[in-house]
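Coordinates from work-v2.cif are shown below (mmCIF, C-alpha atoms).
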```
data_coords
#
loop_
_atom_site.label_atom_id
_atom_site.label_comp_id
_atom_site.auth_asym_id
_atom_site.auth_seq_id
_atom_site.Cartn_x
_atom_site.Cartn_y
_atom_site.Cartn_z
CA VAL A 114 18.00 53.34 -39.62
CA THR A 115 17.16 56.91 -40.45
CA ASP A 116 13.42 57.18 -39.84
CA ALA A 117 12.36 60.26 -37.87
CA GLU A 118 10.81 58.11 -35.15
CA ASP A 119 14.19 56.43 -34.64
CA SER A 120 15.97 59.67 -33.90
CA ALA A 121 17.04 59.48 -30.28
CA SER A 122 17.75 63.12 -29.64
CA SER A 123 16.79 65.36 -26.74
CA SER A 124 17.87 68.64 -28.22
CA ASP A 125 14.45 70.38 -28.17
CA GLU A 126 13.26 71.16 -24.65
CA SER A 127 9.66 71.81 -25.83
CA ALA A 128 9.39 68.48 -27.63
CA GLU A 129 7.70 65.43 -26.19
CA PRO A 130 10.01 63.19 -24.16
CA THR A 131 11.87 60.65 -26.28
CA ASP A 132 10.32 57.18 -26.06
CA TYR A 133 13.59 55.32 -25.61
CA HIS A 134 11.80 52.02 -24.89
CA ALA A 135 10.04 52.05 -28.28
CA ILE A 136 13.23 53.05 -30.07
CA ALA A 137 15.29 50.37 -28.30
CA ALA A 138 12.70 47.67 -29.01
CA LYS A 139 12.77 48.55 -32.72
CA TRP A 140 16.59 48.50 -32.79
CA SER A 141 16.60 45.18 -30.95
CA ALA A 142 14.29 43.67 -33.58
CA ILE A 143 16.54 44.99 -36.36
CA ILE A 144 19.71 43.49 -34.89
CA VAL A 145 18.01 40.16 -34.14
CA GLU A 146 16.73 40.00 -37.73
CA ALA A 147 20.14 40.95 -39.12
CA CYS A 148 21.87 38.25 -37.06
CA ASP A 149 19.23 35.56 -37.53
CA SER A 150 21.19 32.35 -37.78
CA THR A 151 18.23 30.32 -39.04
CA ASP A 152 18.35 32.03 -42.44
CA ASP A 153 21.84 32.00 -43.91
CA GLU A 154 20.76 33.63 -47.19
CA GLY A 155 23.16 36.45 -47.99
CA TRP A 156 25.67 35.49 -45.29
CA LYS A 157 29.11 34.24 -46.24
CA VAL A 158 31.75 32.76 -43.96
CA VAL A 159 34.80 35.03 -44.04
CA LYS A 160 36.86 33.28 -41.36
CA GLU A 161 36.83 29.92 -39.59
CA ILE A 162 39.12 28.95 -36.75
CA ASP A 163 38.38 25.84 -34.69
CA ASP A 164 34.70 26.10 -33.67
CA VAL A 165 34.42 29.84 -34.40
CA LEU A 166 32.75 31.04 -37.59
CA VAL A 167 32.75 34.70 -38.63
CA ASP A 168 30.12 35.59 -41.24
CA GLU A 169 29.52 38.78 -43.22
CA HIS A 170 26.36 40.13 -44.86
CA VAL A 171 25.60 43.43 -46.61
CA LEU A 172 22.08 44.64 -45.87
CA THR A 173 19.87 45.13 -48.93
CA ASN A 174 19.77 48.75 -50.16
CA SER A 175 22.15 49.80 -47.40
CA PRO A 176 25.83 50.57 -46.91
CA ILE A 177 25.73 48.64 -43.62
CA VAL A 178 27.87 45.52 -43.39
CA CYS A 179 26.83 43.06 -40.70
CA ARG A 180 29.29 40.69 -39.13
CA ARG A 181 28.47 37.90 -36.77
CA GLY A 182 30.53 35.43 -34.86
CA ARG A 183 29.13 32.01 -34.15
CA VAL A 184 30.56 29.75 -31.52
CA PRO A 185 28.98 27.06 -29.36
CA VAL A 186 29.26 27.88 -25.67
CA ARG A 187 28.64 25.29 -22.98
CA THR A 188 26.64 27.49 -20.65
CA ASP A 189 23.26 29.16 -20.52
CA VAL A 190 22.22 32.49 -22.01
CA ASP A 191 21.96 34.13 -18.56
CA CYS A 192 25.63 33.42 -17.85
CA VAL A 193 26.76 34.89 -21.19
CA MET A 194 24.53 37.97 -20.80
CA ASN A 195 25.88 38.57 -17.28
CA ILE A 196 29.46 38.34 -18.53
CA LEU A 197 28.66 40.85 -21.30
CA ALA A 198 27.02 43.21 -18.80
CA GLU A 199 29.88 43.04 -16.29
CA SER A 200 32.88 42.80 -18.60
CA ASN A 201 32.80 46.06 -20.56
CA THR A 202 35.80 47.69 -18.92
CA LEU A 203 37.60 44.36 -18.59
CA TYR A 204 37.03 43.58 -22.28
CA TRP A 205 38.07 47.02 -23.46
CA GLY A 206 41.08 46.93 -21.16
CA SER A 207 43.42 49.88 -21.18
CA THR A 208 41.66 51.56 -24.12
CA VAL A 209 38.87 52.88 -21.86
CA ILE A 210 39.71 56.27 -20.37
CA SER A 211 36.37 56.73 -18.63
CA SER A 212 32.78 55.53 -18.67
CA ARG A 213 29.59 56.38 -16.81
CA VAL A 214 25.85 55.88 -16.83
CA VAL A 215 24.29 59.22 -17.78
CA GLU A 216 20.73 58.10 -17.10
CA GLU A 217 19.18 54.82 -16.05
CA ILE A 218 15.81 54.91 -17.77
CA SER A 219 14.94 51.41 -16.55
CA PRO A 220 16.97 48.36 -15.49
CA GLU A 221 17.29 47.26 -19.13
CA LEU A 222 17.69 50.70 -20.71
CA LYS A 223 20.49 53.18 -20.04
CA ILE A 224 22.16 56.18 -21.61
CA VAL A 225 25.92 55.60 -21.31
CA TYR A 226 28.95 57.75 -22.04
CA PHE A 227 32.46 56.43 -22.59
CA VAL A 228 35.82 57.65 -23.83
CA PHE A 229 38.32 55.41 -25.64
CA ARG A 230 42.04 55.88 -26.20
CA ILE A 231 42.89 55.28 -29.86
CA PRO A 232 46.10 53.24 -30.27
CA LEU A 233 47.34 55.30 -33.23
CA ALA A 234 49.93 58.06 -33.15
CA PHE A 235 48.51 61.58 -33.40
CA SER A 236 44.93 60.41 -32.80
CA ARG A 237 42.68 62.07 -30.26
CA PRO A 238 40.52 59.89 -28.01
CA ARG A 239 36.97 59.13 -29.13
CA ASP A 240 33.91 59.70 -26.96
CA PHE A 241 30.46 58.19 -27.41
CA CYS A 242 27.01 58.83 -25.99
CA CYS A 243 24.84 55.77 -26.52
CA LEU A 244 21.58 54.11 -25.70
CA LEU A 245 22.28 50.65 -24.26
CA TYR A 246 19.40 48.18 -24.24
CA THR A 247 19.48 44.67 -22.80
CA THR A 248 16.50 42.32 -23.09
CA ARG A 249 15.40 38.72 -23.28
CA LEU A 250 13.06 37.47 -26.00
CA PRO A 251 10.29 34.93 -25.35
CA ASP A 252 12.41 32.12 -26.89
CA GLY A 253 15.22 32.77 -24.38
CA THR A 254 17.46 34.74 -26.75
CA GLY A 255 19.44 37.49 -25.02
CA VAL A 256 19.92 40.79 -26.85
CA ARG A 257 22.23 43.68 -25.99
CA VAL A 258 22.19 46.58 -28.47
CA LEU A 259 24.07 49.87 -28.46
CA ARG A 260 23.48 52.90 -30.66
CA SER A 261 24.63 56.50 -30.50
CA VAL A 262 22.20 59.17 -29.36
CA THR A 263 22.39 62.95 -29.09
CA ARG A 264 21.77 64.50 -25.69
CA ASP A 265 22.00 68.12 -24.54
CA ASP A 266 23.33 66.91 -21.19
CA VAL A 267 26.25 65.16 -22.93
CA PRO A 268 27.84 67.85 -25.12
CA GLU A 269 30.81 67.22 -27.36
CA VAL A 270 34.15 67.73 -25.62
CA PRO A 271 36.88 69.60 -27.56
CA GLU A 272 39.64 67.18 -26.45
CA TYR A 273 37.79 64.22 -28.00
CA VAL A 274 36.40 63.25 -31.38
CA ARG A 275 32.73 62.35 -31.00
CA GLY A 276 32.22 58.88 -32.42
CA TYR A 277 28.93 57.57 -33.79
CA ILE A 278 27.86 53.95 -33.49
CA VAL A 279 25.20 53.16 -36.08
CA MET A 280 24.36 49.94 -34.26
CA ALA A 281 26.32 47.30 -32.42
CA GLY A 282 25.29 44.48 -30.21
CA TYR A 283 25.14 40.87 -29.19
CA VAL A 284 22.48 38.30 -29.89
CA VAL A 285 22.93 35.24 -27.67
CA THR A 286 20.73 32.38 -28.84
CA PRO A 287 20.18 29.24 -26.78
CA GLN A 288 21.14 26.05 -28.56
CA LYS A 289 18.23 24.00 -29.72
CA ALA A 290 17.92 20.53 -28.18
CA VAL A 291 19.13 17.85 -30.56
#
```
In structure tokens, how does this file's structure come out?
Amino acid sequence: VTDAEDSASSSDESAEPTDYHAIAAKWSAIIVEACDSTDDEGWKVVKEIDDVLVDEHVLTNSPIVCRRGRVPVRTDVDCVMNILAESNTLYWGSTVISSRVVEEISPELKIVYFVFRIPLAFSRPRDFCCLLYTTRLPDGTGVRVLRSVTRDDVPEVPEYVRGYIVMAGYVVTPQKAV
């Protein structure tokens, strides 16, 4: 996504404030559409183990490769979304050096900063400044999307390599009644 209105940068003090809610809503729609499990056109299963399917899809006219994991979970969307919200440092384990909320724009929208240790010899840690958006859609689907942003109040640090996340996230869809 390279449109000017999608640029989440706060580098010009005289510019209008960035509308992070509008940007996050657009990104959320993109990731939901990319992961839509009702239309399997263009998706191919690349791995299957037990009940877990991993699919891959290359977006049209784009270098972006989407991957999705599909697994039935015997719980509700709220439970899964809460686990995702609370488990970041647990999930990342010892690779996280530090993390913090830079700005809480609203309960569902935050600017976050984190630093990861890279498990390769002679590699410097990576740091990221991202917009994190969590929402629920009218059909009950939970969405959590993360994308890098540029902020003057989060400058690059010489000890780290600034990473860039084009887009990452989770789409948790309730199972349809059979």
Name every residue that the PyMOL selection byres ((chain A and resi 231) around 12) selects in this structure, writing the answer as a VMD selection string with chains first and numbers rising.
chain A and resid 205 207 to 210 228 to 230 232 to 240 273 to 274 276
Please tabulate, as JSON lines, the residues of stretch 178-233 of chain A that come within 10 Å of stretch 156-163 of chain A, each with its closest pair of atoms and the distance in Å to one decimal, counting all atoms listed in the file and ordering rows by chain, then residue number upward.
```
{"residue": "A:Cys179", "atom": "CA", "partner": "A:Trp156", "partner_atom": "CA", "distance": 8.9}
{"residue": "A:Arg180", "atom": "CA", "partner": "A:Trp156", "partner_atom": "CA", "distance": 8.8}
{"residue": "A:Arg181", "atom": "CA", "partner": "A:Trp156", "partner_atom": "CA", "distance": 9.3}
{"residue": "A:Gly182", "atom": "CA", "partner": "A:Lys160", "partner_atom": "CA", "distance": 9.3}
{"residue": "A:Arg183", "atom": "CA", "partner": "A:Glu161", "partner_atom": "CA", "distance": 9.7}
{"residue": "A:Val184", "atom": "CA", "partner": "A:Asp163", "partner_atom": "CA", "distance": 9.3}
```
Residues matched by the PyMOL selection byres ((chain A and resi 249-252) around 10), written as number ranges by chain
A: 141-142, 145, 190-191, 194, 221, 247-248, 253-257, 284-287
For stretch 267-271 of chain A, work out the shell of residues within 9 Å, counting all atoms listed in the file and skipping chain neighbours fewer than 4 positions away, then give it as a PyMOL selection string.
chain A and resi 215+226+240+242+263+275
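Among A:Gly155, A:Gln288, A:Leu222, A:Pro185, the residue with the shortest atom-to-atom distance to A:Val171, counting only C-alpha atoms, is A:Gly155.
Between atom CA of A:Gly282 and atom CA of A:Val258 lies a distance of 4.1 Å.
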Place a sphere of radius 8 Å on (27.8, 54.2, -22.3) in the file coordinates and name every protein, DNA or RNA residue with an atom inside or on its surface, counting only C-alpha atoms; give the answer as a short mmCIF file (atom, residue, chain, number, x, y, z; two decimals) with C-alpha atoms, in the frame of the given file.
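As a result, part.cif now contains:
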```cif
data_model
loop_
_atom_site.label_atom_id
_atom_site.label_comp_id
_atom_site.auth_asym_id
_atom_site.auth_seq_id
_atom_site.Cartn_x
_atom_site.Cartn_y
_atom_site.Cartn_z
CA SER A 212 32.78 55.53 -18.67
CA ARG A 213 29.59 56.38 -16.81
CA VAL A 214 25.85 55.88 -16.83
CA VAL A 215 24.29 59.22 -17.78
CA LYS A 223 20.49 53.18 -20.04
CA ILE A 224 22.16 56.18 -21.61
CA VAL A 225 25.92 55.60 -21.31
CA TYR A 226 28.95 57.75 -22.04
CA PHE A 227 32.46 56.43 -22.59
CA PHE A 241 30.46 58.19 -27.41
CA CYS A 242 27.01 58.83 -25.99
CA CYS A 243 24.84 55.77 -26.52
CA LEU A 244 21.58 54.11 -25.70
CA LEU A 245 22.28 50.65 -24.26
#
```
At what distance in Å, to one decimal, does atom CA of A:Thr188 lie from atom CA of A:Ile278?
29.4 Å
Would you mind reading off the distance between atom CA of A:Asp164 and atom CA of A:Ile196, one decimal, in Å?
20.2 Å
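Of the listed residues A:Leu166, A:Ser261, A:Glu217, A:Leu172, the one whose atoms come nearest to A:Ile144 is A:Leu172, with distances taken using all atoms listed in the file.
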Nearest to A:Val165 among A:Glu272, A:Ala137, A:Arg260, A:Val186, with distances taken over all atoms listed in the file: which residue is it?
A:Val186
